[in-house]
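Just below is one structure, and these are the notes that go with it.
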2 protein chains.
Amino acid sequence: MSLLSMSSLHYVTLKVIKQQESGKNGCELSTTSLGKILSTSQQTASRIIIDLTREGYLERSLVNRRQSLRLTKKALDLLFSEYNELGSLLDQSRTISLTGIVEGGLGEGRYYISRKNYVIQFQEKLGYIPYLGTLNLRMLPSEAIYIDRLRNSPGIRIEGFSTDDRTFGPVKAFRATAEGVECAVIMPERTVHSETLELISKEYLRERLHLSDGSRISVEVQIKE
Amino acid sequence: MSLLSMSSLHYVTLKVIKQQESGKNGCELSTTSLGKILSTSQQTASRIIIDLTREGYLERSLVNRRQSLRLTKKALDLLFSEYNELGSLLDQSRTISLTGIVEGGLGEGRYYISRKNYVIQFQEKLGYIPYLGTLNLRMLPSEAIYIDRLRNSPGIRIEGFSTDDRTFGPVKAFRATAEGVECAVIMPERTVHSETLELISKEYLRERLHLSDGSRISVEVQIKE
DNA sequence: ATTACTAAAAGACGAGTAC
DNA sequence: TGTACTCGTCTTTTAGTAA
């Protein structure tokens, strides 16, 4: 259970800015109007903006005494986490539909997912031993935000481990369906910025789905708990 | 944009209790342990519980100095609203799947949905003029909670209006699919407690889907504002 | 063990105002 | 118009403690 590390006014402010920002990349919102929206004073609104900026939730530019605000990744992460947490509390299983373009190669993930220790866990937690290669999908930029959502969702945890040589970090998996074929999205648990999704499956997806580089497919990803 | 009418500690407390309650019907949570979870003092935790109880978010019984807590409907509504609001802010379109049993009659809604003023709006906002009857589905008790979720979601607003005689309140609609056939769930905007969902569609669903009273069908409802 | 009162300290808020 | 400082006031928190 995460603790919403801010007052509710601060939290609502992030939501308001997200709303005003919608589509655009930043919004102009005076402290007076924010105060009105929050039913508080201009002074308090001003302080909230200052606090949130100092704590890394907002970026702002002040030109000509007019401020322009933009949520940072940290703020979006907080909103997504809150959303996912409520979803799992309220027991909502949800599916999101993503569209991506098949990228070259078998995926650099091939080496990783073939480590015995991971494979055992895939078998245990997903119910199958995946084909030894990953299908890389470059997400449409317009859908990149959904990757954030996955990043902020716990998923199915695949534990990390160490060998003599090196350490393999924990990974998380999400059950998914690509054009009707069962598969899973895997990603490192540590946040890595990327617009590419890696899919694993029992089957060789490229062949099964007749894919080649540049093919466009859509994937239904399950976000649950 | 709703304003989260409570401090963040109060809000998080509702989440914590919802979590502890999970499955069960009420939970035992001492003020000391709540204080620890919230990183605050026992005294503050005590006051939060008192406040939330007074404001109708909690019911509690104190036996032998030990308290047992239960969230009220008001609290669940708040959590659902927050969830839905975040969902629409973060632009998550979501589908929930509901199962219900067909109930007798053409639905009492027939009279209402055939009012010209509503019909015009259905045409505008849903894209079709519905068949003049509603299909009533009694939801499985285990899924009744999902109706709450719809109730707390804005949906597609159908405005109310007045005639000489009387007033017709605002209604909301959710796009849906019943066994592959496009339809919509409609419900009054004012909260009414009911375990029955009303469906409208361009087609006469009973015939099209070969339904009779007692038939069981599942409906995919889109929650997305 | 509990819950919750009181009183004092800490913190949030907004009026006034500078820029 | 803006933002944001100071400072007096009001609110929230917690230590001590009772029951």
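How things are named: the first chain in the structure tokens is A, the next is B, and so on; residues count from 1 in each chain; ligands count from 1 in the order shown.
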Can I get the residues of chain D within 10 Å of chain A, each with the closest pair of atoms and their distance in Å to one decimal, using only C-alpha atoms (C1' of nucleotides), sorted chain first then ascending number, as a tab-separated table?
```
residue	atom	partner	partner_atom	distance
D:DT1	C1'	A:Arg65	CA	9.4
D:DG2	C1'	A:Arg65	CA	4.7
D:DT3	C1'	A:Arg65	CA	6.4
D:DA4	C1'	A:Ser46	CA	7.0
D:DC5	C1'	A:Gln43	CA	9.9
```
>> Give me, as a PyMOL selection string, the residues of range 14-204 of chain B that a backbone DSSP run labels helix (DSSP H, G or I).
In response: chain B and resi 14-21+31-37+42-54+73-89+109-113+116-126+141-151
> Got a sec: who's within 12 Å of DC7 in chain D, counting only C-alpha atoms (C1' of nucleotides), leaving out chain neighbours fewer than 5 positions off, as a ChimeraX atom specification?
Replying inline: /C:13-17
Let me see the file: selected residues, N, CA and C atoms (P, O5', C5', C4', C3', O3' and C1' of nucleotides), as an mmCIF file, in the first residue's frame.
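As a result, again_21.cif now contains:
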```cif
data_model
loop_
_atom_site.group_PDB
_atom_site.id
_atom_site.type_symbol
_atom_site.label_atom_id
_atom_site.label_comp_id
_atom_site.auth_asym_id
_atom_site.auth_seq_id
_atom_site.Cartn_x
_atom_site.Cartn_y
_atom_site.Cartn_z
ATOM 1 P P DC C 13 -3.084 23.971 3.671
ATOM 2 O "O5'" DC C 13 -3.632 25.418 4.023
ATOM 3 C "C5'" DC C 13 -4.663 25.545 4.994
ATOM 4 C "C4'" DC C 13 -4.917 27.001 5.273
ATOM 5 C "C3'" DC C 13 -5.038 27.858 4.023
ATOM 6 O "O3'" DC C 13 -6.360 28.359 3.948
ATOM 7 C "C1'" DC C 13 -3.676 28.892 5.691
ATOM 8 P P DG C 14 -6.835 29.123 2.603
ATOM 9 O "O5'" DG C 14 -6.657 30.637 3.044
ATOM 10 C "C5'" DG C 14 -7.311 31.079 4.215
ATOM 11 C "C4'" DG C 14 -6.962 32.528 4.476
ATOM 12 C "C3'" DG C 14 -7.097 33.458 3.271
ATOM 13 O "O3'" DG C 14 -7.450 34.741 3.787
ATOM 14 C "C1'" DG C 14 -4.882 33.490 3.963
ATOM 15 P P DA C 15 -8.331 35.734 2.905
ATOM 16 O "O5'" DA C 15 -7.943 37.170 3.488
ATOM 17 C "C5'" DA C 15 -8.022 37.410 4.899
ATOM 18 C "C4'" DA C 15 -7.091 38.542 5.292
ATOM 19 C "C3'" DA C 15 -7.109 39.732 4.337
ATOM 20 O "O3'" DA C 15 -7.032 40.933 5.104
ATOM 21 C "C1'" DA C 15 -4.909 38.823 4.419
ATOM 22 P P DG C 16 -7.116 42.330 4.339
ATOM 23 O "O5'" DG C 16 -5.578 42.725 4.212
ATOM 24 C "C5'" DG C 16 -4.770 42.825 5.388
ATOM 25 C "C4'" DG C 16 -3.340 43.086 4.974
ATOM 26 C "C3'" DG C 16 -3.191 44.193 3.919
ATOM 27 O "O3'" DG C 16 -2.234 45.155 4.376
ATOM 28 C "C1'" DG C 16 -1.986 42.250 3.270
ATOM 29 P P DT C 17 -1.981 46.484 3.523
ATOM 30 O "O5'" DT C 17 -0.715 46.055 2.649
ATOM 31 C "C5'" DT C 17 0.384 45.407 3.286
ATOM 32 C "C4'" DT C 17 1.327 44.870 2.230
ATOM 33 C "C3'" DT C 17 1.608 45.809 1.079
ATOM 34 O "O3'" DT C 17 2.999 46.010 0.982
ATOM 35 C "C1'" DT C 17 1.229 43.641 0.291
#
```
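Note that the spacing between CA of Ile17 in chain A and CA of Met6 in chain B amounts to 19.6 Å.
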> Could you name the residues that touch Thr53 in chain A at 12 Å or less, counting only C-alpha atoms (C1' of nucleotides), but leaving out those on the same chain fewer than 5 positions away, as a PyMOL selection string?
Replying inline: chain A and resi 10+13-14+46-48+58-61+67-72+74-75
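Pairwise distance (CA of Leu29 in chain A, CA of Ile49 in chain A) equals 10.3 Å.
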Taking only C-alpha atoms into account, what are the residues of chain A at most 6 Å from chain B, put as an mmCIF file with N, CA and C atoms, in the first residue's frame?
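The file below, iface.cif, is the result:
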```cif
data_model
loop_
_atom_site.group_PDB
_atom_site.id
_atom_site.type_symbol
_atom_site.label_atom_id
_atom_site.label_comp_id
_atom_site.auth_asym_id
_atom_site.auth_seq_id
_atom_site.Cartn_x
_atom_site.Cartn_y
_atom_site.Cartn_z
ATOM 1 N N SER A 7 -0.246 16.046 0.633
ATOM 2 C CA SER A 7 -1.581 16.400 1.099
ATOM 3 C C SER A 7 -2.564 16.217 -0.041
ATOM 4 N N SER A 8 -3.839 16.148 0.318
ATOM 5 C CA SER A 8 -4.799 15.905 -0.751
ATOM 6 C C SER A 8 -4.868 17.091 -1.701
ATOM 7 N N TYR A 83 -3.877 4.847 -9.594
ATOM 8 C CA TYR A 83 -4.918 4.216 -10.406
ATOM 9 C C TYR A 83 -4.839 2.697 -10.312
ATOM 10 N N LEU A 86 -5.817 1.443 -6.784
ATOM 11 C CA LEU A 86 -7.270 1.417 -6.599
ATOM 12 C C LEU A 86 -7.881 0.277 -7.391
#
```
May I have a table of the residues of chain C lying at most 10 Å from chain B, giving each one's closest pair of atoms and their distance in Å to one decimal, counting only C-alpha atoms (C1' of nucleotides), ordered by chain and ascending residue number, as CSV?
```
residue,atom,partner,partner_atom,distance
C:DA1,C1',B:Arg65,CA,8.8
C:DT2,C1',B:Arg65,CA,4.9
C:DT3,C1',B:Arg65,CA,6.4
C:DA4,C1',B:Ser46,CA,7.0
```
Would you export the selected residues with C-alpha atoms (C1' of nucleotides) as a compact mmCIF listing (two decimals), in the first residue's frame, please?
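Saved the output as out_28.txt:
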```txt
# COMPACT_ATOMS: atom_id res chain seq x y z
C1' DA C 1 -3.89 -4.67 25.69
C1' DT C 2 -7.12 -1.24 24.01
C1' DT C 3 -9.46 3.90 22.72
C1' DA C 4 -9.51 8.76 23.16
```
>> When DSSP is applied to the backbone of this structure, which of range 73-220 of chain B are assigned strand (DSSP E)? Write them out as a ChimeraX atom specification.
In response: /B:94-102,135-139,156-158,161-162,167-168,171-178,181-188,196-200,216-220
Once you have the residues from the selection above, write them out as a CSV table (one decimal), in the first residue's frame, restricted to C-alpha atoms.
```csv
chain,number,residue,atom,x,y,z
B,94,ARG,CA,-11.9,0.0,-20.1
B,95,THR,CA,-14.3,-2.8,-20.6
B,96,ILE,CA,-16.0,-4.7,-17.9
B,97,SER,CA,-17.8,-8.0,-18.5
B,98,LEU,CA,-21.0,-8.5,-16.6
B,99,THR,CA,-23.3,-11.5,-16.5
B,100,GLY,CA,-27.0,-11.3,-15.9
B,101,ILE,CA,-30.3,-13.1,-16.2
B,102,VAL,CA,-33.0,-11.8,-18.5
B,135,LEU,CA,-34.0,-5.6,-21.9
B,136,ASN,CA,-33.8,-6.0,-18.2
B,137,LEU,CA,-30.9,-8.0,-16.8
B,138,ARG,CA,-30.7,-9.1,-13.2
B,139,MET,CA,-27.1,-9.1,-12.3
B,156,ILE,CA,-22.6,9.4,-21.8
B,157,ARG,CA,-24.9,12.1,-20.5
B,158,ILE,CA,-28.5,12.2,-21.7
B,161,PHE,CA,-36.2,17.7,-19.7
B,162,SER,CA,-39.7,18.8,-18.6
B,167,THR,CA,-40.0,16.1,-15.3
B,168,PHE,CA,-37.8,13.5,-16.8
B,171,VAL,CA,-29.9,9.6,-17.7
B,172,LYS,CA,-26.5,8.2,-18.5
B,173,ALA,CA,-25.6,5.6,-21.1
B,174,PHE,CA,-22.7,3.2,-21.5
B,175,ARG,CA,-21.9,1.7,-24.8
B,176,ALA,CA,-22.0,-2.1,-24.6
B,177,THR,CA,-22.0,-5.3,-26.5
B,178,ALA,CA,-24.3,-8.2,-25.7
B,181,VAL,CA,-24.7,-7.1,-30.7
B,182,GLU,CA,-24.2,-3.4,-30.1
B,183,CYS,CA,-26.3,-2.0,-27.4
B,184,ALA,CA,-26.1,0.4,-24.4
B,185,VAL,CA,-26.7,0.3,-20.7
B,186,ILE,CA,-28.9,3.1,-19.5
B,187,MET,CA,-29.4,4.2,-15.9
B,188,PRO,CA,-30.8,7.3,-14.2
B,196,THR,CA,-31.0,-4.7,-12.6
B,197,LEU,CA,-29.4,-3.3,-15.7
B,198,GLU,CA,-31.4,-1.9,-18.5
B,199,LEU,CA,-30.2,-2.4,-22.1
B,200,ILE,CA,-31.3,-0.6,-25.2
B,216,ARG,CA,-28.2,-15.9,-19.1
B,217,ILE,CA,-26.1,-13.5,-21.2
B,218,SER,CA,-23.0,-11.6,-20.7
B,219,VAL,CA,-22.5,-8.0,-21.6
B,220,GLU,CA,-19.3,-6.1,-22.2
```
> Near DT11 in chain D, within 12 Å and counting only C-alpha atoms (C1' of nucleotides), which residues show up once chain neighbours fewer than 6 positions away are dropped, as a ChimeraX atom specification?
Replying inline: /C:10-13
Keeping N, CA and C atoms (P, O5', C5', C4', C3', O3' and C1' of nucleotides) for every residue in the selection just given, could you write it to a file as an mmCIF file, in the first residue's frame?
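Result file follows (out.cif):
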```
data_model
loop_
_atom_site.group_PDB
_atom_site.id
_atom_site.type_symbol
_atom_site.label_atom_id
_atom_site.label_comp_id
_atom_site.auth_asym_id
_atom_site.auth_seq_id
_atom_site.Cartn_x
_atom_site.Cartn_y
_atom_site.Cartn_z
ATOM 1 P P DA C 10 7.588 22.290 18.547
ATOM 2 O "O5'" DA C 10 6.682 21.994 17.270
ATOM 3 C "C5'" DA C 10 6.169 20.682 17.095
ATOM 4 C "C4'" DA C 10 5.358 20.633 15.811
ATOM 5 C "C3'" DA C 10 6.025 21.339 14.634
ATOM 6 O "O3'" DA C 10 5.959 20.460 13.518
ATOM 7 C "C1'" DA C 10 3.830 22.185 14.959
ATOM 8 P P DG C 11 6.603 20.855 12.105
ATOM 9 O "O5'" DG C 11 5.303 21.251 11.269
ATOM 10 C "C5'" DG C 11 4.200 20.363 11.273
ATOM 11 C "C4'" DG C 11 3.023 21.019 10.605
ATOM 12 C "C3'" DG C 11 3.354 21.725 9.292
ATOM 13 O "O3'" DG C 11 2.456 21.239 8.313
ATOM 14 C "C1'" DG C 11 2.112 23.154 10.701
ATOM 15 P P DA C 12 2.549 21.668 6.773
ATOM 16 O "O5'" DA C 12 1.151 22.411 6.588
ATOM 17 C "C5'" DA C 12 -0.039 21.740 6.978
ATOM 18 C "C4'" DA C 12 -1.212 22.688 6.828
ATOM 19 C "C3'" DA C 12 -1.291 23.372 5.469
ATOM 20 O "O3'" DA C 12 -2.662 23.412 5.089
ATOM 21 C "C1'" DA C 12 -1.163 25.010 7.174
ATOM 22 P P DC C 13 -3.084 23.971 3.671
ATOM 23 O "O5'" DC C 13 -3.632 25.418 4.023
ATOM 24 C "C5'" DC C 13 -4.663 25.545 4.994
ATOM 25 C "C4'" DC C 13 -4.917 27.001 5.273
ATOM 26 C "C3'" DC C 13 -5.038 27.858 4.023
ATOM 27 O "O3'" DC C 13 -6.360 28.359 3.948
ATOM 28 C "C1'" DC C 13 -3.676 28.892 5.691
#
```
>> Given only C-alpha atoms as the basis, pick out the residue of A:Ser201, A:Ser33, A:Asn25, A:Asn152 nearest to Pro130 in chain A.
In response: A:Ser201
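One finds CA of Glu195 in chain B at 24.7 Å from CA of Val119 in chain B.
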> Excluding same-chain residues fewer than 3 positions from range 210-213 of chain A, what lies within 8 Å of it counting only C-alpha atoms (C1' of nucleotides), as an MDAnalysis selection string?
Replying inline: chainID A and resid 101:104 205:207
Atoms to include: N, CA and C atoms. Write the selected residues as a PDB file, in the first residue's frame.
```
ATOM      1  N   ILE A 101       4.692  -2.111 -33.832  1.00  0.00           N
ATOM      2  CA  ILE A 101       5.309  -2.509 -35.088  1.00  0.00           C
ATOM      3  C   ILE A 101       6.426  -3.503 -34.766  1.00  0.00           C
ATOM      4  N   VAL A 102       6.428  -4.625 -35.452  1.00  0.00           N
ATOM      5  CA  VAL A 102       7.451  -5.645 -35.202  1.00  0.00           C
ATOM      6  C   VAL A 102       8.825  -5.108 -35.558  1.00  0.00           C
ATOM      7  N   GLU A 103       9.769  -5.295 -34.635  1.00  0.00           N
ATOM      8  CA  GLU A 103      11.128  -4.822 -34.864  1.00  0.00           C
ATOM      9  C   GLU A 103      12.066  -5.983 -35.193  1.00  0.00           C
ATOM     10  N   GLY A 104      13.174  -5.612 -35.800  1.00  0.00           N
ATOM     11  CA  GLY A 104      14.132  -6.596 -36.290  1.00  0.00           C
ATOM     12  C   GLY A 104      14.714  -7.524 -35.237  1.00  0.00           C
ATOM     13  N   LEU A 205       6.241 -16.710 -32.353  1.00  0.00           N
ATOM     14  CA  LEU A 205       5.175 -15.809 -32.788  1.00  0.00           C
ATOM     15  C   LEU A 205       5.324 -15.330 -34.225  1.00  0.00           C
ATOM     16  N   ARG A 206       6.571 -15.064 -34.588  1.00  0.00           N
ATOM     17  CA  ARG A 206       6.814 -14.588 -35.943  1.00  0.00           C
ATOM     18  C   ARG A 206       6.221 -15.520 -37.004  1.00  0.00           C
ATOM     19  N   GLU A 207       6.421 -16.805 -36.753  1.00  0.00           N
ATOM     20  CA  GLU A 207       5.938 -17.788 -37.722  1.00  0.00           C
ATOM     21  C   GLU A 207       4.433 -17.979 -37.569  1.00  0.00           C
TER      22      GLU A 207
END
```
